[in-house]
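Below is the file data-v1.pdb, which contains PDB, C-alpha atoms.
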```
ATOM      1  CA  MET A 298      18.159  -3.886  -2.551  1.00  0.00           C
ATOM      2  CA  SER A 299      19.934  -2.885   0.643  1.00  0.00           C
ATOM      3  CA  SER A 300      21.370  -5.321   3.144  1.00  0.00           C
ATOM      4  CA  LEU A 301      18.647  -4.259   5.588  1.00  0.00           C
ATOM      5  CA  GLU A 302      15.944  -5.394   3.205  1.00  0.00           C
ATOM      6  CA  THR A 303      17.609  -8.726   2.482  1.00  0.00           C
ATOM      7  CA  LYS A 304      18.066  -9.532   6.172  1.00  0.00           C
ATOM      8  CA  SER A 305      14.329  -9.112   6.884  1.00  0.00           C
ATOM      9  CA  LEU A 306      14.597  -6.738   9.787  1.00  0.00           C
ATOM     10  CA  PRO A 307      11.262  -5.327  10.903  1.00  0.00           C
ATOM     11  CA  PHE A 308      11.557  -2.043   8.992  1.00  0.00           C
ATOM     12  CA  PRO A 309       9.568   0.060   8.861  1.00  0.00           C
ATOM     13  CA  HIS A 310       8.523  -0.692  12.394  1.00  0.00           C
ATOM     14  CA  VAL A 311       6.741   1.439  14.946  1.00  0.00           C
ATOM     15  CA  CYS A 312       6.826   0.608  18.655  1.00  0.00           C
ATOM     16  CA  VAL A 313       4.655   2.744  20.915  1.00  0.00           C
ATOM     17  CA  VAL A 314       5.164   2.572  24.674  1.00  0.00           C
ATOM     18  CA  GLU A 315       2.491   4.187  26.839  1.00  0.00           C
ATOM     19  CA  ALA A 316       2.607   4.012  30.619  1.00  0.00           C
ATOM     20  CA  SER A 317       2.493   6.180  33.700  1.00  0.00           C
ATOM     21  CA  ALA A 318       5.455   8.150  35.006  1.00  0.00           C
ATOM     22  CA  GLY A 319       8.176   6.078  36.623  1.00  0.00           C
ATOM     23  CA  SER A 320       7.027   2.794  35.108  1.00  0.00           C
ATOM     24  CA  GLY A 321      10.140   2.130  33.010  1.00  0.00           C
ATOM     25  CA  LYS A 322       9.241   3.516  29.568  1.00  0.00           C
ATOM     26  CA  THR A 323      12.741   4.902  29.001  1.00  0.00           C
ATOM     27  CA  TYR A 324      14.295   1.559  29.909  1.00  0.00           C
ATOM     28  CA  VAL A 325      11.968  -0.322  27.538  1.00  0.00           C
ATOM     29  CA  LEU A 326      12.610   2.099  24.645  1.00  0.00           C
ATOM     30  CA  ALA A 327      16.386   2.104  25.197  1.00  0.00           C
ATOM     31  CA  LYS A 328      16.361  -1.690  25.228  1.00  0.00           C
ATOM     32  CA  ARG A 329      14.291  -1.773  22.015  1.00  0.00           C
ATOM     33  CA  TYR A 330      16.682   0.671  20.348  1.00  0.00           C
ATOM     34  CA  LEU A 331      19.562  -1.672  21.228  1.00  0.00           C
ATOM     35  CA  GLU A 332      17.633  -4.667  19.885  1.00  0.00           C
ATOM     36  CA  LEU A 333      17.437  -2.972  16.507  1.00  0.00           C
ATOM     37  CA  LEU A 334      21.126  -2.011  16.495  1.00  0.00           C
ATOM     38  CA  ILE A 335      22.461  -5.353  17.756  1.00  0.00           C
ATOM     39  CA  SER A 336      20.103  -7.571  15.771  1.00  0.00           C
ATOM     40  CA  PRO A 337      21.590 -11.035  15.173  1.00  0.00           C
ATOM     41  CA  ARG A 338      20.281 -10.811  11.601  1.00  0.00           C
ATOM     42  CA  LEU A 339      22.916  -8.203  10.779  1.00  0.00           C
ATOM     43  CA  ALA A 340      26.664  -8.547  10.487  1.00  0.00           C
ATOM     44  CA  ILE A 341      28.901  -6.753  12.970  1.00  0.00           C
ATOM     45  CA  THR A 342      29.568  -4.043  10.380  1.00  0.00           C
ATOM     46  CA  GLU A 343      25.878  -3.533   9.559  1.00  0.00           C
ATOM     47  CA  VAL A 344      24.431  -1.132  12.096  1.00  0.00           C
ATOM     48  CA  PRO A 345      21.128   0.535  11.098  1.00  0.00           C
ATOM     49  CA  LEU A 346      21.939   3.758  12.945  1.00  0.00           C
ATOM     50  CA  LYS A 347      20.641   5.976  10.122  1.00  0.00           C
ATOM     51  CA  ASN A 348      17.391   3.986   9.997  1.00  0.00           C
ATOM     52  CA  THR A 349      16.593   3.939  13.702  1.00  0.00           C
ATOM     53  CA  LEU A 350      14.668   6.759  15.373  1.00  0.00           C
ATOM     54  CA  ALA A 351      13.257   7.121  18.869  1.00  0.00           C
ATOM     55  CA  ILE A 352      10.809   9.938  19.511  1.00  0.00           C
ATOM     56  CA  THR A 353       9.668  11.155  22.901  1.00  0.00           C
ATOM     57  CA  PHE A 354       7.888  14.164  24.354  1.00  0.00           C
ATOM     58  CA  SER A 355      10.475  16.005  26.417  1.00  0.00           C
ATOM     59  CA  ASN A 356      14.092  17.063  25.978  1.00  0.00           C
ATOM     60  CA  LYS A 357      14.837  15.608  29.398  1.00  0.00           C
ATOM     61  CA  THR A 358      13.553  12.179  28.383  1.00  0.00           C
ATOM     62  CA  ALA A 359      15.373  12.273  25.034  1.00  0.00           C
ATOM     63  CA  LEU A 360      18.654  13.053  26.799  1.00  0.00           C
ATOM     64  CA  GLU A 361      17.972  10.387  29.415  1.00  0.00           C
ATOM     65  CA  MET A 362      17.232   7.801  26.725  1.00  0.00           C
ATOM     66  CA  LYS A 363      20.419   8.627  24.802  1.00  0.00           C
ATOM     67  CA  ALA A 364      22.411   8.392  28.012  1.00  0.00           C
ATOM     68  CA  ARG A 365      20.825   5.056  28.877  1.00  0.00           C
ATOM     69  CA  ILE A 366      21.533   3.613  25.413  1.00  0.00           C
ATOM     70  CA  LEU A 367      25.161   4.715  25.680  1.00  0.00           C
ATOM     71  CA  TYR A 368      25.349   3.345  29.231  1.00  0.00           C
ATOM     72  CA  PHE A 369      24.038  -0.051  28.117  1.00  0.00           C
ATOM     73  CA  LEU A 370      26.402  -0.160  25.121  1.00  0.00           C
ATOM     74  CA  LYS A 371      29.385   0.747  27.283  1.00  0.00           C
ATOM     75  CA  ARG A 372      28.490  -1.844  29.942  1.00  0.00           C
ATOM     76  CA  MET A 373      27.965  -4.471  27.267  1.00  0.00           C
ATOM     77  CA  ALA A 374      31.186  -3.662  25.379  1.00  0.00           C
ATOM     78  CA  LEU A 375      33.254  -3.786  28.574  1.00  0.00           C
ATOM     79  CA  ASP A 376      31.211  -6.562  30.241  1.00  0.00           C
ATOM     80  CA  LYS A 377      30.933  -4.351  33.323  1.00  0.00           C
ATOM     81  CA  PHE A 378      27.342  -4.651  34.502  1.00  0.00           C
ATOM     82  CA  SER A 379      26.806  -3.801  38.152  1.00  0.00           C
ATOM     83  CA  ASP A 380      23.547  -5.771  38.134  1.00  0.00           C
ATOM     84  CA  PRO A 381      23.728  -9.355  36.774  1.00  0.00           C
ATOM     85  CA  VAL A 382      19.933  -9.430  36.382  1.00  0.00           C
ATOM     86  CA  GLN A 383      20.068  -6.380  34.090  1.00  0.00           C
ATOM     87  CA  LYS A 384      22.841  -8.003  32.047  1.00  0.00           C
ATOM     88  CA  LYS A 385      20.844 -11.210  31.685  1.00  0.00           C
ATOM     89  CA  ASP A 386      17.701  -9.254  30.737  1.00  0.00           C
ATOM     90  CA  LEU A 387      19.505  -7.246  28.049  1.00  0.00           C
ATOM     91  CA  ILE A 388      21.338 -10.221  26.545  1.00  0.00           C
ATOM     92  CA  ALA A 389      18.091 -12.250  26.461  1.00  0.00           C
ATOM     93  CA  ALA A 390      16.220  -9.389  24.745  1.00  0.00           C
ATOM     94  CA  LEU A 391      18.922  -9.074  22.084  1.00  0.00           C
ATOM     95  CA  GLY A 392      18.775 -12.710  21.064  1.00  0.00           C
ATOM     96  CA  VAL A 393      22.560 -13.079  20.821  1.00  0.00           C
ATOM     97  CA  ASP A 394      25.246 -14.641  22.964  1.00  0.00           C
ATOM     98  CA  GLU A 395      27.377 -12.503  25.267  1.00  0.00           C
ATOM     99  CA  ALA A 396      30.451 -12.575  23.024  1.00  0.00           C
ATOM    100  CA  HIS A 397      28.480 -11.383  19.998  1.00  0.00           C
ATOM    101  CA  ALA A 398      26.730  -8.694  22.064  1.00  0.00           C
ATOM    102  CA  ARG A 399      30.082  -7.460  23.405  1.00  0.00           C
ATOM    103  CA  GLN A 400      31.655  -7.379  19.924  1.00  0.00           C
ATOM    104  CA  LYS A 401      28.651  -5.657  18.354  1.00  0.00           C
ATOM    105  CA  ALA A 402      28.420  -3.113  21.199  1.00  0.00           C
ATOM    106  CA  ARG A 403      32.056  -2.158  20.613  1.00  0.00           C
ATOM    107  CA  ALA A 404      31.410  -1.736  16.894  1.00  0.00           C
ATOM    108  CA  ILE A 405      28.296   0.359  17.566  1.00  0.00           C
ATOM    109  CA  LEU A 406      30.145   2.622  19.998  1.00  0.00           C
ATOM    110  CA  ASP A 407      32.831   3.166  17.376  1.00  0.00           C
ATOM    111  CA  ILE A 408      30.193   4.011  14.756  1.00  0.00           C
ATOM    112  CA  LEU A 409      28.389   6.319  17.199  1.00  0.00           C
ATOM    113  CA  VAL A 410      31.557   8.267  17.915  1.00  0.00           C
ATOM    114  CA  LYS A 411      32.158   8.763  14.191  1.00  0.00           C
ATOM    115  CA  ASN A 412      28.510   9.413  13.276  1.00  0.00           C
ATOM    116  CA  TYR A 413      26.898  10.885  16.381  1.00  0.00           C
ATOM    117  CA  ASN A 414      24.608  13.051  14.244  1.00  0.00           C
ATOM    118  CA  PHE A 415      22.817   9.864  13.123  1.00  0.00           C
ATOM    119  CA  PHE A 416      22.080   8.829  16.733  1.00  0.00           C
ATOM    120  CA  GLN A 417      18.428   9.829  16.524  1.00  0.00           C
ATOM    121  CA  VAL A 418      16.669  10.105  19.859  1.00  0.00           C
ATOM    122  CA  GLN A 419      14.587  13.237  19.573  1.00  0.00           C
ATOM    123  CA  THR A 420      11.535  15.051  20.774  1.00  0.00           C
ATOM    124  CA  ILE A 421       8.504  15.199  18.517  1.00  0.00           C
ATOM    125  CA  ASP A 422       8.976  18.912  17.906  1.00  0.00           C
ATOM    126  CA  SER A 423      12.682  18.623  17.039  1.00  0.00           C
ATOM    127  CA  PHE A 424      11.889  15.800  14.613  1.00  0.00           C
ATOM    128  CA  ILE A 425       9.150  17.820  12.888  1.00  0.00           C
ATOM    129  CA  ASN A 426      11.405  20.896  12.865  1.00  0.00           C
ATOM    130  CA  GLY A 427      14.083  18.830  11.113  1.00  0.00           C
ATOM    131  CA  ILE A 428      11.603  17.717   8.460  1.00  0.00           C
ATOM    132  CA  ILE A 429      10.389  21.276   7.897  1.00  0.00           C
ATOM    133  CA  SER A 430      13.978  22.560   7.733  1.00  0.00           C
ATOM    134  CA  GLY A 431      14.795  19.945   5.108  1.00  0.00           C
ATOM    135  CA  CYS A 432      11.769  20.965   3.038  1.00  0.00           C
ATOM    136  CA  ALA A 433      11.888  24.722   3.720  1.00  0.00           C
ATOM    137  CA  PHE A 434      12.442  25.664   0.067  1.00  0.00           C
ATOM    138  CA  LYS A 435       9.578  23.469  -1.182  1.00  0.00           C
ATOM    139  CA  LEU A 436       7.309  24.894   1.514  1.00  0.00           C
ATOM    140  CA  GLY A 437       8.165  28.455   0.515  1.00  0.00           C
ATOM    141  CA  LEU A 438       9.960  29.167   3.778  1.00  0.00           C
ATOM    142  CA  SER A 439      13.233  30.955   4.320  1.00  0.00           C
ATOM    143  CA  SER A 440      16.108  28.633   5.195  1.00  0.00           C
ATOM    144  CA  ALA A 441      16.534  30.767   8.332  1.00  0.00           C
ATOM    145  CA  PHE A 442      12.930  30.397   9.513  1.00  0.00           C
ATOM    146  CA  ARG A 443      12.313  30.265  13.251  1.00  0.00           C
ATOM    147  CA  ILE A 444       9.548  28.534  15.151  1.00  0.00           C
ATOM    148  CA  LYS A 445       7.748  30.771  17.607  1.00  0.00           C
ATOM    149  CA  THR A 446       7.831  29.543  21.158  1.00  0.00           C
ATOM    150  CA  ASP A 447       5.584  32.320  22.440  1.00  0.00           C
ATOM    151  CA  TYR A 448       2.266  30.793  21.493  1.00  0.00           C
ATOM    152  CA  LYS A 449      -0.025  32.877  23.748  1.00  0.00           C
ATOM    153  CA  ASP A 450      -0.831  35.525  21.124  1.00  0.00           C
ATOM    154  CA  THR A 451      -1.601  32.909  18.487  1.00  0.00           C
ATOM    155  CA  LEU A 452      -3.622  30.824  20.902  1.00  0.00           C
ATOM    156  CA  SER A 453      -5.720  33.848  21.913  1.00  0.00           C
ATOM    157  CA  LEU A 454      -6.764  34.224  18.255  1.00  0.00           C
ATOM    158  CA  SER A 455      -8.387  30.790  18.363  1.00  0.00           C
ATOM    159  CA  LEU A 456     -10.753  31.653  21.227  1.00  0.00           C
TER     160      LEU A 456
END
```
Take the structure I supplied and represent it as structure tokens, if you would.
Amino acid sequence: MSSLETKSLPFPHVCVVEASAGSGKTYVLAKRYLELLISPRLAITEVPLKNTLAITFSNKTALEMKARILYFLKRMALDKFSDPVQKKDLIAALGVDEAHARQKARAILDILVKNYNFFQVQTIDSFINGIISGCAFKLGLSSAFRIKTDYKDTLSLSL
């Protein structure tokens, strides 16, 4: 039994955020991602980076979300928030005191630098592509398969 199972974190857990453009979805998802990484149920050294995935629709949003998570971690680790309301909101959401949040944020940043490939904020298509790539042999595909991005010819066949 892994330490994640013994600590009773909400895994597997799915959080869906639906809202109109400009309503703060990226902020909410970045904050939720941090909640999972900084959970008070885990020791400083236990960061579920490999078990945490955020999926969104566009590359732009995925990059923005990664940047926002890193921004929050950096601000928390250095205690350099420009907005005290944002700091209070983040600390309250995490369920830990400021000192613990700062210490855990530093540890997470260190882990992220060493294991950036496990920092999983992806688009739906890149996630599915990763799954297919991992199973290419079992699916009878070449390991060098390519996904077509010119869908017009294929789409015209369905009409």
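Residue nearest Thr342 in chain A, chosen from A:Ile405, A:Ile366, A:Leu438, A:Ile425 and counting only C-alpha atoms: A:Ile405.
Applied to this file, the PyMOL selection byres ((chain A and resi 374) around 9) selects the residues Phe369, Leu370, Lys371, Arg372, Met373, Leu375, Asp376, Lys377, Ala398, Arg399, Gln400, Lys401, Ala402, Arg403, Ala404 and Leu406 of chain A.
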Residues from last step as file, C-alpha atoms, as a compact mmCIF listing (two decimals), in the frame of the given file:
```txt
# COMPACT_ATOMS: atom_id res chain seq x y z
CA PHE A 369 24.04 -0.05 28.12
CA LEU A 370 26.40 -0.16 25.12
CA LYS A 371 29.38 0.75 27.28
CA ARG A 372 28.49 -1.84 29.94
CA MET A 373 27.96 -4.47 27.27
CA LEU A 375 33.25 -3.79 28.57
CA ASP A 376 31.21 -6.56 30.24
CA LYS A 377 30.93 -4.35 33.32
CA ALA A 398 26.73 -8.69 22.06
CA ARG A 399 30.08 -7.46 23.40
CA GLN A 400 31.66 -7.38 19.92
CA LYS A 401 28.65 -5.66 18.35
CA ALA A 402 28.42 -3.11 21.20
CA ARG A 403 32.06 -2.16 20.61
CA ALA A 404 31.41 -1.74 16.89
CA LEU A 406 30.14 2.62 20.00
```
Using Å and a single decimal, report how far CA of Asp407 in chain A sits from CA of Pro337 in chain A.
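According to the coordinates, CA of Pro337 in chain A and CA of Asp407 in chain A are separated by 18.2 Å.
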Among listed residues A:Ala364, A:Ser336, A:Arg329, A:Pro381, nearest Ala351 in chain A (using all atoms listed in the file):
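Checking each candidate against Ala351 in chain A, we get A:Arg329 as the closest.
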Given all atoms listed in the file as the basis, pick out the residue of A:Val418, A:Leu346, A:Leu387, A:Ile428 nearest to Tyr324 in chain A.
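Of A:Val418, A:Leu346, A:Leu387, A:Ile428, the one nearest Tyr324 in chain A is A:Leu387, counting all atoms listed in the file.
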Distance criterion (only C-alpha atoms): nearest to Lys328 in chain A out of A:Ile408, A:Ile429, A:Ile388, A:Ile444:
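Smallest distance to Lys328 in chain A is found for A:Ile388.
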For each of A:Glu343, A:Asp447, A:Glu332, A:Asp380, take the minimum atom-to-atom distance to Val393 in chain A, counting all atoms listed in the file, then give the residue where this is smallest.
A:Glu332
Please report the interatomic distance between CA of Val344 in chain A and CA of Val325 in chain A in Å with one decimal.
19.9 Å
Residues near Glu361 in chain A, anyone? I mean within 10 Å using only C-alpha atoms, not counting same-chain ones fewer than 4 positions away, as a ChimeraX atom specification.
/A:323-324,327,355-357,365-367,418
For the file shown, what are the residues hit by the PyMOL selection byres ((chain A and resi 314) around 10), laid out as a list in words?
Val311, Cys312, Val313, Glu315, Ala316, Gly321, Lys322, Thr323, Val325, Leu326 and Thr353 of chain A
Create the file for the chosen residues now, containing C-alpha atoms and written as a PDB file, keeping the file's coordinate frame.
```pdb
ATOM      1  CA  VAL A 311       6.741   1.439  14.946  1.00  0.00           C
ATOM      2  CA  CYS A 312       6.826   0.608  18.655  1.00  0.00           C
ATOM      3  CA  VAL A 313       4.655   2.744  20.915  1.00  0.00           C
ATOM      4  CA  GLU A 315       2.491   4.187  26.839  1.00  0.00           C
ATOM      5  CA  ALA A 316       2.607   4.012  30.619  1.00  0.00           C
ATOM      6  CA  GLY A 321      10.140   2.130  33.010  1.00  0.00           C
ATOM      7  CA  LYS A 322       9.241   3.516  29.568  1.00  0.00           C
ATOM      8  CA  THR A 323      12.741   4.902  29.001  1.00  0.00           C
ATOM      9  CA  VAL A 325      11.968  -0.322  27.538  1.00  0.00           C
ATOM     10  CA  LEU A 326      12.610   2.099  24.645  1.00  0.00           C
ATOM     11  CA  THR A 353       9.668  11.155  22.901  1.00  0.00           C
TER      12      THR A 353
END
```
Just the number, please: distance in Å from CA of Gly319 in chain A to CA of Lys363 in chain A, one decimal.
17.2 Å
Counting only C-alpha atoms, the option among A:Gln417, A:Gln383, A:Ser439, A:Ser320 closest to Asn348 in chain A:
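Looking only at the distances to Asn348 in chain A, the closest residue turns out to be A:Gln417.
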